[in-house]
file final.cif (mmCIF, C-alpha atoms (C1' of nucleotides))
data_entry
#
loop_
_atom_site.label_atom_id
_atom_site.label_comp_id
_atom_site.auth_asym_id
_atom_site.auth_seq_id
_atom_site.Cartn_x
_atom_site.Cartn_y
_atom_site.Cartn_z
CA MET A 6 -25.92 11.98 -34.75
CA ALA A 7 -25.48 10.65 -31.24
CA ASP A 8 -23.23 7.69 -30.65
CA SER A 9 -25.60 6.50 -27.91
CA ASP A 10 -24.66 3.20 -26.31
CA HIS A 11 -24.73 0.46 -28.88
CA LYS A 12 -21.40 -1.19 -28.31
CA THR A 13 -21.16 -4.69 -29.66
CA GLU A 14 -19.52 -6.36 -26.64
CA ARG A 15 -21.07 -5.84 -23.25
CA THR A 16 -18.53 -7.91 -21.43
CA LEU A 17 -14.96 -9.08 -21.76
CA PRO A 18 -13.96 -12.65 -22.54
CA GLN A 19 -12.72 -14.55 -19.54
CA SER A 20 -9.15 -14.84 -20.76
CA VAL A 21 -8.86 -11.14 -21.46
CA ALA A 22 -10.36 -10.30 -18.09
CA GLU A 23 -7.72 -12.48 -16.48
CA SER A 24 -4.92 -10.78 -18.37
CA ILE A 25 -6.28 -7.43 -17.30
CA GLU A 26 -6.12 -8.53 -13.70
CA SER A 27 -2.54 -9.67 -14.09
CA PHE A 28 -1.62 -6.35 -15.62
CA SER A 29 -3.37 -4.48 -12.85
CA LEU A 30 -1.09 -6.20 -10.37
CA VAL A 31 1.96 -5.29 -12.40
CA PHE A 32 0.94 -1.67 -12.57
CA GLU A 33 0.21 -1.73 -8.88
CA GLN A 34 3.90 -2.42 -8.38
CA PHE A 35 4.54 0.82 -10.14
CA GLY A 36 2.43 2.58 -7.57
CA PHE A 37 -0.86 2.77 -9.43
CA PRO A 38 -4.25 1.80 -8.10
CA ARG A 39 -5.45 -1.39 -9.66
CA MET A 40 -8.28 0.29 -11.43
CA GLY A 41 -5.75 2.47 -13.20
CA GLY A 42 -3.88 -0.64 -14.24
CA ARG A 43 -7.08 -2.17 -15.56
CA ILE A 44 -7.66 0.85 -17.75
CA PHE A 45 -4.13 0.61 -19.08
CA ALA A 46 -4.55 -3.08 -19.67
CA TYR A 47 -7.84 -2.62 -21.47
CA LEU A 48 -6.35 -0.02 -23.78
CA ILE A 49 -3.37 -2.23 -24.49
CA LEU A 50 -5.44 -5.32 -25.18
CA SER A 51 -8.23 -3.74 -27.17
CA GLU A 52 -8.34 -3.08 -30.88
CA GLU A 53 -10.34 0.05 -30.22
CA PRO A 54 -7.91 2.91 -29.67
CA TYR A 55 -10.51 4.97 -27.87
CA VAL A 56 -12.69 4.12 -24.96
CA THR A 57 -15.38 6.02 -23.08
CA GLN A 58 -15.96 6.11 -19.36
CA ALA A 59 -19.27 4.34 -19.84
CA GLU A 60 -17.54 1.49 -21.63
CA LEU A 61 -14.89 1.22 -18.95
CA THR A 62 -17.54 1.24 -16.27
CA GLU A 63 -19.28 -1.66 -17.90
CA LEU A 64 -16.34 -3.69 -19.13
CA LEU A 65 -14.32 -3.39 -15.95
CA GLN A 66 -17.38 -3.74 -13.73
CA ALA A 67 -16.49 -0.62 -11.82
CA SER A 68 -18.36 2.36 -10.48
CA THR A 69 -18.62 5.59 -12.43
CA GLY A 70 -16.88 7.38 -9.61
CA SER A 71 -13.93 5.08 -9.67
CA ILE A 72 -13.53 5.35 -13.43
CA SER A 73 -13.92 9.11 -13.40
CA THR A 74 -11.29 9.53 -10.71
CA MET A 75 -8.91 7.15 -12.42
CA VAL A 76 -9.10 8.60 -15.90
CA ARG A 77 -8.51 12.01 -14.40
CA LEU A 78 -5.46 10.74 -12.55
CA LEU A 79 -4.11 9.04 -15.65
CA GLU A 80 -4.82 12.12 -17.68
CA GLN A 81 -3.09 14.42 -15.20
CA THR A 82 -0.06 12.19 -15.16
CA SER A 83 -0.02 12.20 -18.96
CA PHE A 84 -0.52 8.51 -19.40
CA ILE A 85 -3.77 8.82 -21.29
CA GLU A 86 -5.30 11.58 -23.32
CA ARG A 87 -8.84 12.86 -23.22
CA VAL A 88 -10.43 13.68 -26.55
CA SER A 89 -13.78 15.41 -26.63
CA LEU A 90 -15.22 15.56 -30.10
CA PRO A 91 -18.01 17.90 -31.11
CA GLY A 92 -21.11 15.90 -31.96
CA HIS A 93 -20.21 13.40 -29.25
CA ARG A 94 -21.29 13.67 -25.70
CA ARG A 95 -18.95 11.21 -24.20
CA ASP A 96 -15.30 11.98 -23.80
CA ARG A 97 -13.02 9.44 -25.32
CA PHE A 98 -9.69 8.35 -23.93
CA ARG A 99 -6.65 6.76 -25.43
CA LEU A 100 -3.13 5.82 -24.49
CA ARG A 101 -0.51 8.46 -24.99
CA SER A 102 2.42 6.07 -25.05
CA ASP A 103 3.54 2.59 -24.06
CA PRO A 104 2.62 2.62 -20.42
CA LEU A 105 5.28 0.13 -19.40
CA VAL A 106 8.02 2.05 -21.13
CA GLU A 107 6.80 5.31 -19.74
CA MET A 108 6.57 3.98 -16.20
CA THR A 109 10.05 2.62 -16.49
CA ARG A 110 11.22 6.02 -17.60
CA ARG A 111 9.65 7.62 -14.57
CA ARG A 112 11.07 5.04 -12.27
CA ILE A 113 14.48 5.83 -13.67
CA GLU A 114 13.93 9.48 -12.88
CA GLY A 115 12.88 8.50 -9.39
CA ALA A 116 16.45 7.39 -8.77
CA ILE A 117 17.37 11.05 -8.46
CA HIS A 118 15.37 11.26 -5.29
CA VAL A 119 17.23 8.30 -3.84
CA ILE A 120 20.54 9.91 -4.67
CA ASP A 121 19.32 13.01 -2.94
CA VAL A 122 18.42 11.17 0.25
CA VAL A 123 21.75 9.40 0.33
CA ASP A 124 23.61 12.59 -0.37
CA LYS A 125 21.81 14.53 2.35
CA ALA A 126 22.60 11.85 4.89
CA LYS A 127 26.32 12.30 4.38
CA VAL A 128 26.55 15.89 5.54
CA HIS A 129 25.64 15.38 9.19
CA LYS A 130 28.53 15.53 11.56
CA GLU A 131 27.20 12.55 13.49
CA VAL A 132 27.81 10.29 10.53
CA GLY A 133 31.09 8.49 10.97
CA PRO A 134 33.67 7.30 8.46
CA GLN A 135 32.31 3.82 7.85
CA ALA A 136 28.81 5.10 7.37
CA THR A 137 30.16 7.71 4.99
CA ASP A 138 31.86 5.00 2.99
CA ARG A 139 28.65 3.06 2.75
CA LEU A 140 26.72 6.12 1.70
CA GLU A 141 29.28 7.02 -0.91
CA ARG A 142 29.21 3.53 -2.25
CA ALA A 143 25.45 3.64 -2.50
CA GLU A 144 25.51 7.03 -4.14
CA SER A 145 28.15 5.98 -6.60
CA PHE A 146 26.08 2.96 -7.53
CA TYR A 147 22.93 4.94 -7.97
CA ARG A 148 24.53 7.62 -10.05
CA TYR A 149 26.11 5.08 -12.31
CA PHE A 150 23.02 2.96 -12.59
CA HIS A 151 20.82 5.92 -13.25
CA VAL A 152 22.93 6.99 -16.21
CA GLU A 153 23.14 3.48 -17.57
CA MET A 154 19.38 3.06 -17.45
CA GLU A 155 18.83 6.36 -19.16
CA LEU A 156 21.22 5.41 -21.91
CA ALA A 157 19.70 1.98 -22.33
CA LEU A 158 16.26 3.51 -22.60
CA VAL A 159 17.34 6.05 -25.18
CA ARG A 160 19.08 3.36 -27.17
CA TRP A 161 15.99 1.24 -27.25
CA LEU A 162 13.76 4.10 -28.21
CA GLU A 163 16.06 4.98 -31.08
CA ALA A 164 16.03 1.42 -32.31
CA ASN A 165 12.26 1.16 -31.82
CA PRO A 166 10.62 4.40 -32.84
CA LEU A 167 6.92 4.76 -32.34
CA ALA A 168 5.33 3.73 -35.62
CA ASP A 169 2.52 6.20 -35.27
CA GLU A 170 -0.30 3.80 -35.06
CA GLN A 171 -0.88 6.30 -32.27
CA SER A 172 -1.87 9.33 -34.33
CA ARG A 173 -5.37 8.40 -35.33
CA GLY A 174 -8.28 6.26 -34.34
CA MET B 8 29.87 -12.15 31.23
CA ALA B 9 26.58 -10.67 30.11
CA ASP B 10 26.56 -7.65 27.82
CA SER B 11 23.52 -6.34 29.68
CA ASP B 12 22.21 -3.00 28.45
CA HIS B 13 24.81 -0.33 28.94
CA LYS B 14 24.79 1.31 25.54
CA THR B 15 26.27 4.77 25.47
CA GLU B 16 23.58 6.51 23.39
CA ARG B 17 19.98 6.06 24.37
CA THR B 18 18.63 8.12 21.56
CA LEU B 19 19.53 9.21 18.06
CA PRO B 20 20.54 12.74 17.13
CA GLN B 21 17.81 14.68 15.40
CA SER B 22 19.57 14.86 12.04
CA VAL B 23 20.22 11.13 11.94
CA ALA B 24 16.64 10.41 12.93
CA GLU B 25 15.51 12.54 10.02
CA SER B 26 17.75 10.75 7.58
CA ILE B 27 16.41 7.47 8.83
CA GLU B 28 12.89 8.62 8.12
CA SER B 29 13.85 9.67 4.60
CA PHE B 30 15.43 6.30 4.00
CA SER B 31 12.40 4.53 5.34
CA LEU B 32 10.32 6.24 2.67
CA VAL B 33 12.78 5.23 0.00
CA PHE B 34 12.71 1.63 1.10
CA GLU B 35 8.96 1.76 1.25
CA GLN B 36 9.04 2.38 -2.48
CA PHE B 37 10.80 -0.92 -2.79
CA GLY B 38 7.91 -2.58 -1.04
CA PHE B 39 9.25 -2.72 2.49
CA PRO B 40 7.42 -1.64 5.61
CA ARG B 41 8.86 1.54 6.97
CA MET B 42 10.14 -0.13 10.07
CA GLY B 43 12.23 -2.36 7.88
CA GLY B 44 13.61 0.68 6.14
CA ARG B 45 14.46 2.24 9.46
CA ILE B 46 16.45 -0.80 10.42
CA PHE B 47 18.33 -0.66 7.15
CA ALA B 48 18.92 3.03 7.58
CA TYR B 49 20.19 2.60 11.10
CA LEU B 50 22.64 -0.08 10.02
CA ILE B 51 23.84 2.05 7.15
CA LEU B 52 24.28 5.16 9.24
CA SER B 53 25.79 3.62 12.33
CA GLU B 54 29.42 2.89 13.01
CA GLU B 55 28.39 -0.18 14.93
CA PRO B 56 28.16 -3.07 12.52
CA TYR B 57 25.95 -5.05 14.86
CA VAL B 58 22.74 -4.10 16.55
CA THR B 59 20.45 -5.92 18.95
CA GLN B 60 16.68 -5.93 18.96
CA ALA B 61 16.69 -4.10 22.28
CA GLU B 62 18.77 -1.31 20.79
CA LEU B 63 16.54 -1.05 17.75
CA THR B 64 13.47 -0.97 19.96
CA GLU B 65 14.88 1.95 21.88
CA LEU B 66 16.59 3.89 19.13
CA LEU B 67 13.75 3.60 16.67
CA GLN B 68 11.10 4.04 19.34
CA ALA B 69 9.27 0.96 18.23
CA SER B 70 7.60 -1.97 19.92
CA THR B 71 9.43 -5.22 20.52
CA GLY B 72 6.87 -7.00 18.39
CA SER B 73 7.43 -4.78 15.44
CA ILE B 74 11.19 -5.11 15.64
CA SER B 75 11.04 -8.84 16.09
CA THR B 76 8.78 -9.27 13.09
CA MET B 77 10.88 -6.98 10.95
CA VAL B 78 14.26 -8.49 11.70
CA ARG B 79 12.80 -11.87 10.95
CA LEU B 80 11.46 -10.62 7.62
CA LEU B 81 14.75 -9.03 6.73
CA GLU B 82 16.59 -12.12 7.80
CA GLN B 83 14.37 -14.41 5.76
CA THR B 84 14.82 -12.25 2.71
CA SER B 85 18.58 -12.35 3.26
CA PHE B 86 19.02 -8.63 3.76
CA ILE B 87 20.39 -8.92 7.25
CA GLU B 88 22.10 -11.67 9.12
CA ARG B 89 21.44 -12.89 12.62
CA VAL B 90 24.47 -13.75 14.69
CA SER B 91 24.01 -15.43 18.02
CA LEU B 92 27.19 -15.68 19.98
CA PRO B 93 27.65 -18.01 22.91
CA GLY B 94 28.10 -15.99 26.04
CA HIS B 95 25.66 -13.42 24.71
CA ARG B 96 21.98 -13.60 25.25
CA ARG B 97 20.91 -11.13 22.71
CA ASP B 98 21.05 -11.92 19.05
CA ARG B 99 22.94 -9.43 17.00
CA PHE B 100 22.10 -8.37 13.49
CA ARG B 101 24.07 -6.86 10.70
CA LEU B 102 23.71 -6.00 7.05
CA ARG B 103 24.54 -8.71 4.58
CA SER B 104 25.10 -6.39 1.66
CA ASP B 105 24.39 -2.92 0.34
CA PRO B 106 20.65 -2.86 0.71
CA LEU B 107 20.10 -0.42 -2.12
CA VAL B 108 22.18 -2.43 -4.54
CA GLU B 109 20.54 -5.64 -3.47
CA MET B 110 17.05 -4.24 -3.81
CA THR B 111 17.88 -2.96 -7.23
CA ARG B 112 19.07 -6.40 -8.15
CA ARG B 113 15.81 -7.91 -7.02
CA ARG B 114 13.80 -5.32 -8.84
CA ILE B 115 15.68 -6.23 -11.98
CA GLU B 116 14.74 -9.84 -11.47
CA GLY B 117 11.16 -8.78 -10.99
CA ALA B 118 11.11 -7.73 -14.63
CA ILE B 119 10.85 -11.39 -15.53
CA HIS B 120 7.41 -11.49 -14.02
CA VAL B 121 6.34 -8.55 -16.14
CA ILE B 122 7.62 -10.26 -19.26
CA ASP B 123 5.64 -13.29 -18.25
CA VAL B 124 2.41 -11.37 -17.88
CA VAL B 125 2.88 -9.68 -21.24
CA ASP B 126 3.77 -12.93 -22.90
CA LYS B 127 0.78 -14.77 -21.51
CA ALA B 128 -1.56 -12.04 -22.70
CA LYS B 129 -0.50 -12.60 -26.31
CA VAL B 130 -1.70 -16.16 -26.64
CA HIS B 131 -5.42 -15.57 -26.30
CA LYS B 132 -7.36 -15.74 -29.53
CA GLU B 133 -9.37 -12.68 -28.55
CA VAL B 134 -6.30 -10.50 -28.75
CA GLY B 135 -6.20 -8.76 -32.11
CA PRO B 136 -3.30 -7.68 -34.29
CA GLN B 137 -2.81 -4.19 -32.93
CA ALA B 138 -2.89 -5.40 -29.36
CA THR B 139 -0.42 -8.09 -30.29
CA ASP B 140 1.88 -5.46 -31.73
CA ARG B 141 1.68 -3.45 -28.55
CA LEU B 142 2.36 -6.48 -26.41
CA GLU B 143 5.29 -7.50 -28.54
CA ARG B 144 6.70 -4.03 -28.32
CA ALA B 145 6.37 -4.07 -24.56
CA GLU B 146 7.92 -7.48 -24.31
CA SER B 147 10.77 -6.54 -26.58
CA PHE B 148 11.45 -3.50 -24.45
CA TYR B 149 11.38 -5.40 -21.22
CA ARG B 150 13.60 -8.18 -22.43
CA TYR B 151 16.13 -5.71 -23.70
CA PHE B 152 15.99 -3.54 -20.64
CA HIS B 153 16.24 -6.46 -18.30
CA VAL B 154 19.45 -7.62 -19.92
CA GLU B 155 20.91 -4.14 -19.98
CA MET B 156 20.23 -3.64 -16.30
CA GLU B 157 21.76 -6.96 -15.43
CA LEU B 158 24.85 -6.12 -17.40
CA ALA B 159 25.13 -2.67 -15.89
CA LEU B 160 24.84 -4.12 -12.42
CA VAL B 161 27.50 -6.74 -13.06
CA ARG B 162 29.79 -4.13 -14.54
CA TRP B 163 29.43 -1.94 -11.49
CA LEU B 164 29.99 -4.78 -9.07
CA GLU B 165 33.15 -5.77 -10.90
CA ALA B 166 34.44 -2.23 -10.74
CA ASN B 167 33.40 -1.86 -7.11
CA PRO B 168 34.08 -5.08 -5.26
CA LEU B 169 33.02 -5.35 -1.67
CA ALA B 170 36.04 -4.34 0.38
CA ASP B 171 35.22 -6.68 3.21
CA GLU B 172 34.68 -4.17 5.88
CA GLN B 173 31.75 -6.58 6.15
CA SER B 174 33.53 -9.59 7.57
CA ARG B 175 34.05 -8.51 11.14
CA GLY B 176 32.64 -6.21 13.76
"C1'" DC C 8 16.13 -27.16 36.96
"C1'" DA C 9 14.66 -22.68 38.50
"C1'" DA C 10 14.72 -18.01 37.21
"C1'" DC C 11 15.51 -14.50 34.18
"C1'" DG C 12 16.04 -12.20 29.88
"C1'" DA C 13 15.29 -12.22 24.95
"C1'" DT C 14 12.49 -13.25 21.24
"C1'" DA C 15 8.24 -14.76 19.00
"C1'" DT C 16 3.46 -14.68 18.51
"C1'" DC C 17 -0.99 -12.94 18.29
"C1'" DA C 18 -5.09 -10.33 18.91
"C1'" DG C 19 -6.52 -5.79 18.62
"C1'" DT C 20 -5.94 -0.82 16.94
"C1'" DA C 21 -5.01 2.80 13.84
"C1'" DA C 22 -4.11 4.67 9.56
"C1'" DT C 23 -4.39 4.55 4.79
"C1'" DA C 24 -6.23 3.98 0.34
"C1'" DA C 25 -9.33 2.03 -3.12
"C1'" DC C 26 -13.66 1.75 -4.35
"C1'" DT C 27 -18.87 2.32 -4.33
"C1'" DG C 28 -23.10 4.66 -4.99
"C1'" DA C 29 -25.67 8.67 -4.73
"C1'" DA C 30 -26.15 13.42 -5.37
"C1'" DA C 31 -24.52 17.65 -7.69
"C1'" DT C 32 -22.84 19.75 -11.67
"C1'" DA C 33 -21.77 20.39 -16.41
"C1'" DA C 34 -22.39 19.80 -21.20
"C1'" DG C 35 -24.87 18.65 -25.36
"C1'" DT C 36 -29.45 18.27 -27.85
"C1'" DG C 37 -34.06 18.92 -29.61
"C1'" DC D 2 -34.68 26.62 -22.33
"C1'" DA D 3 -36.17 22.22 -20.72
"C1'" DC D 4 -34.44 17.65 -20.99
"C1'" DT D 5 -31.20 14.18 -21.26
"C1'" DT D 6 -26.85 12.20 -20.65
"C1'" DA D 7 -22.04 12.41 -19.17
"C1'" DT D 8 -18.95 13.53 -15.64
"C1'" DT D 9 -17.44 15.03 -11.18
"C1'" DT D 10 -17.56 15.08 -6.39
"C1'" DC D 11 -18.04 13.36 -1.95
"C1'" DA D 12 -19.41 10.83 2.05
"C1'" DG D 13 -19.37 6.28 3.59
"C1'" DT D 14 -17.73 1.25 3.21
"C1'" DT D 15 -14.44 -2.18 2.84
"C1'" DA D 16 -10.01 -4.03 2.72
"C1'" DT D 17 -5.41 -3.95 3.74
"C1'" DT D 18 -1.40 -3.41 6.39
"C1'" DA D 19 1.79 -1.64 9.78
"C1'" DC D 20 2.24 -1.38 14.31
"C1'" DT D 21 1.41 -1.86 19.41
"C1'" DG D 22 1.27 -4.16 23.68
"C1'" DA D 23 0.35 -8.18 26.20
"C1'" DT D 24 1.23 -12.96 26.61
"C1'" DA D 25 3.63 -17.20 25.50
"C1'" DT D 26 7.73 -19.58 24.35
"C1'" DC D 27 12.40 -20.32 24.03
"C1'" DG D 28 17.13 -20.26 25.50
"C1'" DT D 29 20.77 -19.16 28.58
"C1'" DT D 30 22.81 -18.98 32.93
"C1'" DG D 31 23.60 -19.65 37.82
#
call {"tool": "encode", "arguments": {"input": "final.cif", "output": "structure tokens"}}
result
Amino acid sequence: MADSDHKTERTLPQSVAESIESFSLVFEQFGFPRMGGRIFAYLILSEEPYVTQAELTELLQASTGSISTMVRLLEQTSFIERVSLPGHRRDRFRLRSDPLVEMTRRRIEGAIHVIDVVDKAKVHKEVGPQATDRLERAESFYRYFHVEMELALVRWLEANPLADEQSRG
Amino acid sequence: MADSDHKTERTLPQSVAESIESFSLVFEQFGFPRMGGRIFAYLILSEEPYVTQAELTELLQASTGSISTMVRLLEQTSFIERVSLPGHRRDRFRLRSDPLVEMTRRRIEGAIHVIDVVDKAKVHKEVGPQATDRLERAESFYRYFHVEMELALVRWLEANPLADEQSRG
DNA sequence: CAACGATATCAGTAATAACTGAAATAAGTG
DNA sequence: CACTTATTTCAGTTATTACTGATATCGTTG
């Protein structure tokens, strides 16, 4: 019953490999290690919804350690999902959601931290009137922008619901 | 006529120094070296619109090399402005705009690069129908979101014009 | 134009983080 | 329960980058 290791493709086509690299750089901008971005990119670009660590190791030309650490990180941050099926030794992984949308959502939430830093800076007695004005301006901007981004995101999600191509593989 | 080096404060109050550190971490998230963030933070928090490299070196406890490199970087990326006055040896620097707003603006523009990467990935013949759907969904989201952010930013700037506290020191 | 002060440059250091590869552990199978 | 295979862990390597501190260059002033 084993699924052993008879995958058809042992290696990725050049063009896909290049796209994966581009994506990895994009995801790096979101604060992810490149290898994490490569996993995202593979899952986005592949027709196979699930992938095993062994496949990732081979296709992405990476070490088992690197893949193991990365899938755990992505799992813990809820970007991918681990599925272990009885009758299968290898765990399988799949995307939980559009990674770019989800990262954008988290970045939006990150704005709260910025607001917090700005707000905290205002309270010190050493901060003069002009500085206070600047801080208030920055805070006002961030508060506004944060809300606007949240609304825009919600609007888009409502207009573009997840057609659950997600729910089976 | 020299302005020599008779600044009143040789060192920053604890609380301000802490705020500066917090800011430096925020700016780091925008891809700036911490020292750059500290310079921003100082200029935001100070009542003095202008600062010299010597002052930054002392107040931020940094090396002259680090400060020199950083102000040049910030100058080249148009975040700060260098003003050299005749009769003054030291160059003086000041903010050109709200750094947080400006960085947000640039981040928005960065979305174009993401769209580009997604778009390029679609053309390869090896990319199947499901992957194409995912890419199109991502692209659609990014295009929409990019426009919405631009609009939100413009709206805010119109409602909050720069009262030119900027134009003199 | 000599001397000094400010800034730029550059080589070296330190700190960080990703990644590898091997060894340990866990889980599934006959 | 022994064996195999998948996964985790971890120590070590490599790469990157910020920063320092010394030296070189530039610019101003007397």
call {"tool": "interface_residues", "arguments": {"input": "final.cif", "of": "chain B", "to": "chain D", "cutoff": "10 Å", "atoms": "only C-alpha atoms (C1' of nucleotides)", "output": "NGL selection string"}}
result
:B and (8-9 or 40-42 or 69-74 or 93-97)
call {"tool": "write_last_selection", "arguments": {"input": "final.cif", "atoms": "C-alpha atoms", "output": "PDB file, keeping the file's coordinate frame"}}
result
ATOM      1  CA  MET B   8      29.870 -12.150  31.230  1.00  0.00           C
ATOM      2  CA  ALA B   9      26.580 -10.670  30.110  1.00  0.00           C
ATOM      3  CA  PRO B  40       7.420  -1.640   5.610  1.00  0.00           C
ATOM      4  CA  ARG B  41       8.860   1.540   6.970  1.00  0.00           C
ATOM      5  CA  MET B  42      10.140  -0.130  10.070  1.00  0.00           C
ATOM      6  CA  ALA B  69       9.270   0.960  18.230  1.00  0.00           C
ATOM      7  CA  SER B  70       7.600  -1.970  19.920  1.00  0.00           C
ATOM      8  CA  THR B  71       9.430  -5.220  20.520  1.00  0.00           C
ATOM      9  CA  GLY B  72       6.870  -7.000  18.390  1.00  0.00           C
ATOM     10  CA  SER B  73       7.430  -4.780  15.440  1.00  0.00           C
ATOM     11  CA  ILE B  74      11.190  -5.110  15.640  1.00  0.00           C
ATOM     12  CA  PRO B  93      27.650 -18.010  22.910  1.00  0.00           C
ATOM     13  CA  GLY B  94      28.100 -15.990  26.040  1.00  0.00           C
ATOM     14  CA  HIS B  95      25.660 -13.420  24.710  1.00  0.00           C
ATOM     15  CA  ARG B  96      21.980 -13.600  25.250  1.00  0.00           C
ATOM     16  CA  ARG B  97      20.910 -11.130  22.710  1.00  0.00           C
TER      17      ARG B  97
END
call {"tool": "residues_around", "arguments": {"input": "final.cif", "residues": "Thr137 in chain A", "least_positions_apart": "2", "cutoff": "12 Å", "atoms": "only C-alpha atoms (C1' of nucleotides)", "output": "compact mmCIF listing (two decimals) with C-alpha atoms, in the coordinates of the input"}}
result
# COMPACT_ATOMS: atom_id res chain seq x y z
CA VAL A 123 21.75 9.40 0.33
CA ASP A 124 23.61 12.59 -0.37
CA LYS A 125 21.81 14.53 2.35
CA ALA A 126 22.60 11.85 4.89
CA LYS A 127 26.32 12.30 4.38
CA VAL A 128 26.55 15.89 5.54
CA HIS A 129 25.64 15.38 9.19
CA LYS A 130 28.53 15.53 11.56
CA GLU A 131 27.20 12.55 13.49
CA VAL A 132 27.81 10.29 10.53
CA GLY A 133 31.09 8.49 10.97
CA PRO A 134 33.67 7.30 8.46
CA GLN A 135 32.31 3.82 7.85
CA ARG A 139 28.65 3.06 2.75
CA LEU A 140 26.72 6.12 1.70
CA GLU A 141 29.28 7.02 -0.91
CA ARG A 142 29.21 3.53 -2.25
CA ALA A 143 25.45 3.64 -2.50
CA GLU A 144 25.51 7.03 -4.14
CA SER A 145 28.15 5.98 -6.60
CA LEU B 50 22.64 -0.08 10.02
CA ILE B 51 23.84 2.05 7.15
CA LEU B 52 24.28 5.16 9.24
CA SER B 53 25.79 3.62 12.33
CA GLU B 54 29.42 2.89 13.01
call {"tool": "resolve_selection", "arguments": {"input": "final.cif", "expression": "the PyMOL selection byres ((chain B and resi 119) around 12)", "output": "ChimeraX atom specification"}}
result
/A:31 /B:113-118,120-126,146,148-154,157
call {"tool": "write_last_selection", "arguments": {"input": "final.cif", "atoms": "C-alpha atoms", "output": "compact mmCIF listing (two decimals), in the coordinates of the input"}}
result
# COMPACT_ATOMS: atom_id res chain seq x y z
CA VAL A 31 1.96 -5.29 -12.40
CA ARG B 113 15.81 -7.91 -7.02
CA ARG B 114 13.80 -5.32 -8.84
CA ILE B 115 15.68 -6.23 -11.98
CA GLU B 116 14.74 -9.84 -11.47
CA GLY B 117 11.16 -8.78 -10.99
CA ALA B 118 11.11 -7.73 -14.63
CA HIS B 120 7.41 -11.49 -14.02
CA VAL B 121 6.34 -8.55 -16.14
CA ILE B 122 7.62 -10.26 -19.26
CA ASP B 123 5.64 -13.29 -18.25
CA VAL B 124 2.41 -11.37 -17.88
CA VAL B 125 2.88 -9.68 -21.24
CA ASP B 126 3.77 -12.93 -22.90
CA GLU B 146 7.92 -7.48 -24.31
CA PHE B 148 11.45 -3.50 -24.45
CA TYR B 149 11.38 -5.40 -21.22
CA ARG B 150 13.60 -8.18 -22.43
CA TYR B 151 16.13 -5.71 -23.70
CA PHE B 152 15.99 -3.54 -20.64
CA HIS B 153 16.24 -6.46 -18.30
CA VAL B 154 19.45 -7.62 -19.92
CA GLU B 157 21.76 -6.96 -15.43
call {"tool": "resolve_selection", "arguments": {"input": "final.cif", "expression": "the PyMOL selection byres ((chain A and resi 61) around 10)", "output": "MDAnalysis selection string"}}
result
chainID A and resid 43:44 47:48 56:60 62:69 72:73 76
call {"tool": "atom_distance", "arguments": {"input": "final.cif", "atom1": "CA of Glu82 in chain B", "atom2": "CA of Phe100 in chain B"}}
result
8.8 Å
call {"tool": "resolve_selection", "arguments": {"input": "final.cif", "expression": "the PyMOL selection byres ((chain C) within 12 of (chain B))", "output": "PyMOL selection string"}}
result
chain C and resi 11-17
call {"tool": "atom_distance", "arguments": {"input": "final.cif", "atom1": "CA of Ser102 in chain A", "atom2": "CA of Glu23 in chain A"}}
result
22.8 Å
call {"tool": "atom_distance", "arguments": {"input": "final.cif", "atom1": "CA of Arg87 in chain A", "atom2": "CA of Glu53 in chain A"}}
result
14.7 Å
call {"tool": "residues_around", "arguments": {"input": "final.cif", "residues": "Glu155 in chain B", "least_positions_apart": "6", "cutoff": "9 Å", "atoms": "only C-alpha atoms (C1' of nucleotides)", "output": "VMD selection string"}}
result
chain A and resid 153 to 154 157
call {"tool": "write_last_selection", "arguments": {"input": "final.cif", "atoms": "C-alpha atoms", "output": "PDB file, keeping the file's coordinate frame"}}
result
ATOM      1  CA  GLU A 153      23.140   3.480 -17.570  1.00  0.00           C
ATOM      2  CA  MET A 154      19.380   3.060 -17.450  1.00  0.00           C
ATOM      3  CA  ALA A 157      19.700   1.980 -22.330  1.00  0.00           C
TER       4      ALA A 157
END
call {"tool": "residues_around", "arguments": {"input": "final.cif", "residues": "Glu33 in chain A", "least_positions_apart": "2", "cutoff": "12 Å", "atoms": "only C-alpha atoms (C1' of nucleotides)", "output": "MDAnalysis selection string"}}
result
(chainID A and resid 26:31 35:43 45:46 105 108) or (chainID B and resid 36 38 121) or (chainID C and resid 25)
call {"tool": "axis_aligned_box", "arguments": {"input": "final.cif", "around": "range 19-36 of chain C", "padding_each_side": "4 Å", "output": "AutoDock Vina command-line options"}}
result
--center_x -16.8 --center_y 7.3 --center_z -4.6 --size_x 33.3 --size_y 34.2 --size_z 54.5
